[in-house]
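Colleague: I am sharing query_10.cif, which consists of mmCIF, C-alpha atoms:
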data_query
#
loop_
_atom_site.label_atom_id
_atom_site.label_comp_id
_atom_site.auth_asym_id
_atom_site.auth_seq_id
_atom_site.Cartn_x
_atom_site.Cartn_y
_atom_site.Cartn_z
CA MET A 22 20.02 -6.14 -19.43
CA VAL A 23 17.46 -3.87 -17.75
CA LEU A 24 16.51 -3.60 -14.10
CA LYS A 25 12.92 -2.57 -13.44
CA ILE A 26 12.01 -1.40 -9.96
CA LYS A 27 8.75 -0.12 -8.54
CA ILE A 28 8.95 3.51 -7.39
CA ASN A 29 7.64 2.69 -3.91
CA GLU A 30 10.35 0.04 -3.45
CA LEU A 31 13.06 2.47 -4.56
CA GLU A 32 11.70 5.01 -2.07
CA LYS A 33 11.96 2.37 0.71
CA ILE A 34 15.60 1.80 -0.18
CA ILE A 35 16.44 5.52 -0.16
CA ASP A 36 14.62 5.99 3.17
CA HIS A 37 16.61 3.08 4.64
CA CYS A 38 19.87 4.58 3.39
CA LEU A 39 19.07 8.01 4.86
CA LYS A 40 17.99 6.52 8.19
CA VAL A 41 21.22 4.52 8.63
CA SER A 42 23.62 7.21 7.32
CA PRO A 43 26.50 7.86 8.03
CA GLU A 44 26.87 4.08 8.07
CA GLU A 45 26.33 2.00 4.95
CA CYS A 46 23.04 0.16 4.83
CA CYS A 47 22.18 -2.98 2.92
CA GLY A 48 19.23 -5.05 1.89
CA LEU A 49 17.95 -7.57 -0.61
CA LEU A 50 16.27 -7.21 -3.99
CA ILE A 51 13.46 -9.70 -4.50
CA GLY A 52 11.87 -10.39 -7.84
CA LYS A 53 12.06 -12.31 -11.10
CA LYS A 54 14.49 -12.66 -13.97
CA ILE A 55 12.68 -12.72 -17.30
CA ASN A 56 15.01 -12.95 -20.30
CA ASP A 57 17.11 -9.75 -20.23
CA GLU A 58 14.91 -8.03 -17.65
CA ILE A 59 15.00 -8.20 -13.90
CA LEU A 60 11.82 -7.05 -12.19
CA ILE A 61 12.14 -6.07 -8.54
CA GLU A 62 8.83 -6.84 -6.85
CA LYS A 63 9.94 -5.89 -3.36
CA VAL A 64 12.94 -5.10 -1.21
CA LYS A 65 13.88 -6.14 2.28
CA ALA A 66 16.20 -4.23 4.56
CA ALA A 67 18.88 -6.34 6.23
CA GLY A 68 21.24 -5.64 9.08
CA ASN A 69 24.78 -4.61 8.21
CA VAL A 70 27.00 -7.03 10.13
CA TYR A 71 30.28 -5.76 8.64
CA PRO A 72 32.84 -6.38 11.40
CA ASP A 73 34.83 -3.17 10.86
CA ASP A 74 33.89 0.45 10.16
CA LYS A 75 30.32 0.35 8.82
CA ARG A 76 30.85 3.79 7.25
CA ILE A 77 33.01 2.14 4.57
CA GLY A 78 31.70 -1.40 4.29
CA TYR A 79 28.69 -3.66 4.49
CA LEU A 80 27.91 -7.33 4.94
CA VAL A 81 24.33 -8.57 4.67
CA ASP A 82 23.21 -10.39 7.81
CA PRO A 83 23.27 -14.09 6.76
CA LEU A 84 20.16 -14.91 8.84
CA ALA A 85 18.20 -12.12 7.13
CA TYR A 86 19.37 -13.48 3.77
CA LEU A 87 18.16 -17.02 4.57
CA GLU A 88 14.83 -15.77 5.88
CA THR A 89 14.31 -13.57 2.82
CA GLU A 90 15.24 -16.38 0.46
CA ARG A 91 12.63 -18.66 2.07
CA GLU A 92 9.94 -15.97 1.97
CA ALA A 93 10.65 -15.19 -1.68
CA GLU A 94 10.50 -18.85 -2.67
CA LYS A 95 7.06 -19.22 -1.06
CA GLU A 96 5.87 -16.32 -3.25
CA GLY A 97 7.38 -17.69 -6.45
CA LEU A 98 10.12 -15.06 -6.38
CA GLU A 99 13.86 -15.11 -5.72
CA VAL A 100 16.59 -12.95 -4.26
CA VAL A 101 18.05 -11.39 -7.40
CA GLY A 102 20.48 -8.99 -5.82
CA VAL A 103 21.59 -6.65 -3.11
CA TYR A 104 21.34 -2.94 -2.48
CA HIS A 105 23.69 -0.90 -0.37
CA SER A 106 24.69 2.68 0.18
CA HIS A 107 27.86 4.64 -0.34
CA ILE A 108 28.25 7.71 1.82
CA GLY A 109 29.49 10.87 0.11
CA VAL A 110 30.90 9.11 -2.96
CA GLU A 111 29.58 8.08 -6.36
CA PRO A 112 27.32 4.99 -6.68
CA THR A 113 30.09 2.94 -8.29
CA PRO A 114 31.38 -0.37 -6.94
CA SER A 115 34.42 -0.33 -4.70
CA THR A 116 37.22 -2.88 -4.66
CA ARG A 117 35.55 -4.44 -1.61
CA ASP A 118 32.26 -4.66 -3.56
CA LEU A 119 34.07 -6.51 -6.34
CA GLU A 120 35.69 -8.95 -3.91
CA GLN A 121 32.29 -9.84 -2.38
CA ALA A 122 30.28 -9.96 -5.62
CA ILE A 123 28.14 -12.97 -6.43
CA PRO A 124 27.89 -13.86 -10.13
CA GLY A 125 24.44 -13.17 -11.59
CA TYR A 126 23.38 -10.83 -8.78
CA ILE A 127 22.33 -7.25 -9.34
CA TYR A 128 24.01 -4.64 -7.16
CA LEU A 129 22.01 -1.45 -6.69
CA ILE A 130 24.24 1.19 -5.12
CA ILE A 131 22.74 4.34 -3.66
CA SER A 132 25.00 7.35 -3.15
CA ILE A 133 24.04 9.37 -0.10
CA SER A 134 25.36 12.90 -0.50
CA THR A 135 23.62 16.23 -1.05
CA ARG A 136 21.14 14.48 -3.33
CA PRO A 137 20.74 10.68 -3.40
CA SER A 138 21.59 9.00 -6.71
CA PHE A 139 21.85 5.37 -7.75
CA LYS A 140 23.19 2.98 -10.35
CA ALA A 141 22.79 -0.76 -10.89
CA TRP A 142 25.62 -3.16 -11.66
CA ILE A 143 26.19 -6.79 -12.52
CA LEU A 144 29.45 -8.72 -12.30
CA ASP A 145 31.19 -9.49 -15.58
CA GLU A 146 32.83 -12.74 -14.45
CA GLU A 147 35.11 -12.99 -17.45
CA LYS A 148 36.56 -9.51 -17.02
CA LYS A 149 36.37 -9.59 -13.21
CA THR A 150 34.72 -6.19 -13.16
CA PHE A 151 31.24 -4.69 -12.92
CA ARG A 152 29.08 -3.68 -15.85
CA ASN A 153 26.57 -0.86 -15.43
CA ILE A 154 22.98 -1.81 -16.30
CA GLU A 155 20.01 0.35 -17.20
CA VAL A 156 17.42 1.07 -14.50
CA HIS A 157 13.75 1.73 -15.28
CA ILE A 158 11.53 3.01 -12.50
CA ILE A 159 7.98 1.70 -12.86
#
Take the structure from the file and write it as structure tokens.

Modeller:
Amino acid sequence: MVLKIKINELEKIIDHCLKVSPEECCGLLIGKKINDEILIEKVKAAGNVYPDDKRIGYLVDPLAYLETEREAEKEGLEVVGVYHSHIGVEPTPSTRDLEQAIPGYIYLIISISTRPSFKAWILDEEKKTFRNIEVHII
């Protein structure tokens, strides 16, 4: 599986992460699934409504999710995943990320440290773990 994301959309995500740091940010990935490729057409920032310390957790605002889902549908697109940041640690899923994961969704994690980095993941339902997927910037 390959995730393709437009450079300007990736830049929006990184800007969002830097703006919200030291708290984790989150948002939605909107696009299309075509065979083994997922094309991200656009991203939408969402509020982090995590009820505890937002420096170590995130929860996408449910109202933002519903609104984004409706908008995407009108454009012939769908919400295909979520992005969020990790502050000062690698862009690998945490235990909390695994507990919240939705099967079939892409999780783009951005590490905010001296230099932002990112990786994309998808849940392997059978193994109850994440599998790293290739990212192509277009």

Colleague: Once you count all atoms listed in the file, which residues end up no further than 10 Å from (17.2, -5.6, -0.7) in the file's frame, shown as a list in words?

Modeller: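 Checked against the point, the hits come out as Glu30, Leu31, Lys33, Ile34, Cys46, Cys47, Gly48, Leu49, Leu50, Ile51, Ile61, Lys63, Val64, Lys65, Ala66, Ala67, Val81, Tyr86, Thr89, Val100, Val101, Gly102, Val103, Tyr104, His105, Tyr128 and Leu129 of chain A.
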
Colleague: Please produce a file of the residues just selected, as a tab-separated table (two decimals), keeping the file's coordinate frame, where the atoms kept are C-alpha atoms.

Modeller:
chain	number	residue	atom	x	y	z
A	30	GLU	CA	10.35	0.04	-3.45
A	31	LEU	CA	13.06	2.47	-4.56
A	33	LYS	CA	11.96	2.37	0.71
A	34	ILE	CA	15.60	1.80	-0.18
A	46	CYS	CA	23.04	0.16	4.83
A	47	CYS	CA	22.18	-2.98	2.92
A	48	GLY	CA	19.23	-5.05	1.89
A	49	LEU	CA	17.95	-7.57	-0.61
A	50	LEU	CA	16.27	-7.21	-3.99
A	51	ILE	CA	13.46	-9.70	-4.50
A	61	ILE	CA	12.14	-6.07	-8.54
A	63	LYS	CA	9.94	-5.89	-3.36
A	64	VAL	CA	12.94	-5.10	-1.21
A	65	LYS	CA	13.88	-6.14	2.28
A	66	ALA	CA	16.20	-4.23	4.56
A	67	ALA	CA	18.88	-6.34	6.23
A	81	VAL	CA	24.33	-8.57	4.67
A	86	TYR	CA	19.37	-13.48	3.77
A	89	THR	CA	14.31	-13.57	2.82
A	100	VAL	CA	16.59	-12.95	-4.26
A	101	VAL	CA	18.05	-11.39	-7.40
A	102	GLY	CA	20.48	-8.99	-5.82
A	103	VAL	CA	21.59	-6.65	-3.11
A	104	TYR	CA	21.34	-2.94	-2.48
A	105	HIS	CA	23.69	-0.90	-0.37
A	128	TYR	CA	24.01	-4.64	-7.16
A	129	LEU	CA	22.01	-1.45	-6.69

Colleague: Set the distance at 10 Å and use only C-alpha atoms: which residues neighbour Thr113 of chain A once local chain neighbours fewer than 3 positions away are removed? I'd like the list as a count of residues only.

Modeller: 15

Colleague: Kindly indicate which residue among A:Gly52, A:Gly109, A:Gly125, A:Gly68 lies nearest to Glu96 of chain A, using all atoms listed in the file for the distances.

Modeller: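 Of all the options, A:Gly52 lies closest to Glu96 of chain A.
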
Colleague: Determine, counting only C-alpha atoms, which protein, DNA and RNA residues have an atom within 7 Å of an atom of Lys25 of chain A; residues of the same chain fewer than 3 positions away are not included. Present the result as a list in words.

Modeller: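 Close residues of Lys25 of chain A: Ile59, Leu60, Ile61, Val156, His157, Ile158 and Ile159 of chain A.
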
Colleague: Enter the distance from atom CA of Asn56 of chain A to atom CA of Glu32 of chain A, in Å, rounded to one decimal.

Modeller: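 Between these atoms lies a distance of 25.8 Å.
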
Colleague: Atom CA of Asp36 of chain A to atom CA of Asp57 of chain A: how many Å, to one decimal?

Modeller: 28.3 Å

Colleague: Set the distance at 9 Å and use only C-alpha atoms: which residues neighbour Ser42 of chain A once local chain neighbours fewer than 6 positions away are removed? I'd like the list as a list of chain:residue names.

Modeller: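 Result of the neighbour search: A:Arg76, A:Ser106, A:Ile108, A:Ile133.
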
Colleague: Could the residues in this selection be saved with C-alpha atoms as a PDB file, in the frame of the given file?

Modeller:
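Writing the result to result_32.pdb gives the following:
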ATOM      1  CA  ARG A  76      30.850   3.790   7.250  1.00  0.00           C
ATOM      2  CA  SER A 106      24.690   2.680   0.180  1.00  0.00           C
ATOM      3  CA  ILE A 108      28.250   7.710   1.820  1.00  0.00           C
ATOM      4  CA  ILE A 133      24.040   9.370  -0.100  1.00  0.00           C
TER       5      ILE A 133
END

Colleague: Can you measure atom CA of Leu98 of chain A to atom CA of Ile55 of chain A for me? One decimal in Å is fine.

Modeller: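 Calculated distance between atom CA of Leu98 of chain A and atom CA of Ile55 of chain A is 11.5 Å.
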
Colleague: Smallest atom-to-atom distance to Glu99 of chain A: which of A:Glu62, A:Ile35, A:Lys75, A:Thr150, using only C-alpha atoms?

Modeller: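 Closest to Glu99 of chain A of all the choices is A:Glu62.
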
Colleague: From the options A:Lys148, A:Lys54, A:Arg117, A:Arg136, which residue's atoms come nearest to Tyr71 of chain A, counting only C-alpha atoms?

Modeller: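 Answer, going by the shortest atom-to-atom distance: A:Arg117.
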
Colleague: Which one is closest to Leu119 of chain A: A:Gly97, A:Val23, A:Ile143, A:Asp82? Count only C-alpha atoms.

Modeller: A:Ile143

Colleague: Choose the residue, out of A:Val70, A:Pro124, A:Leu24, A:Pro114, that has the smallest atom-to-atom separation from Glu147 of chain A; count all atoms listed in the file.

Modeller: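 Using all atoms listed in the file, the shortest distance to Glu147 of chain A belongs to A:Pro124.
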
Colleague: I need the residue nearest Ile26 of chain A from this list: A:Glu94, A:Glu120, A:Glu58, A:Glu44. Use all atoms listed in the file for the distance.

Modeller: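 Answer, going by the shortest atom-to-atom distance: A:Glu58.
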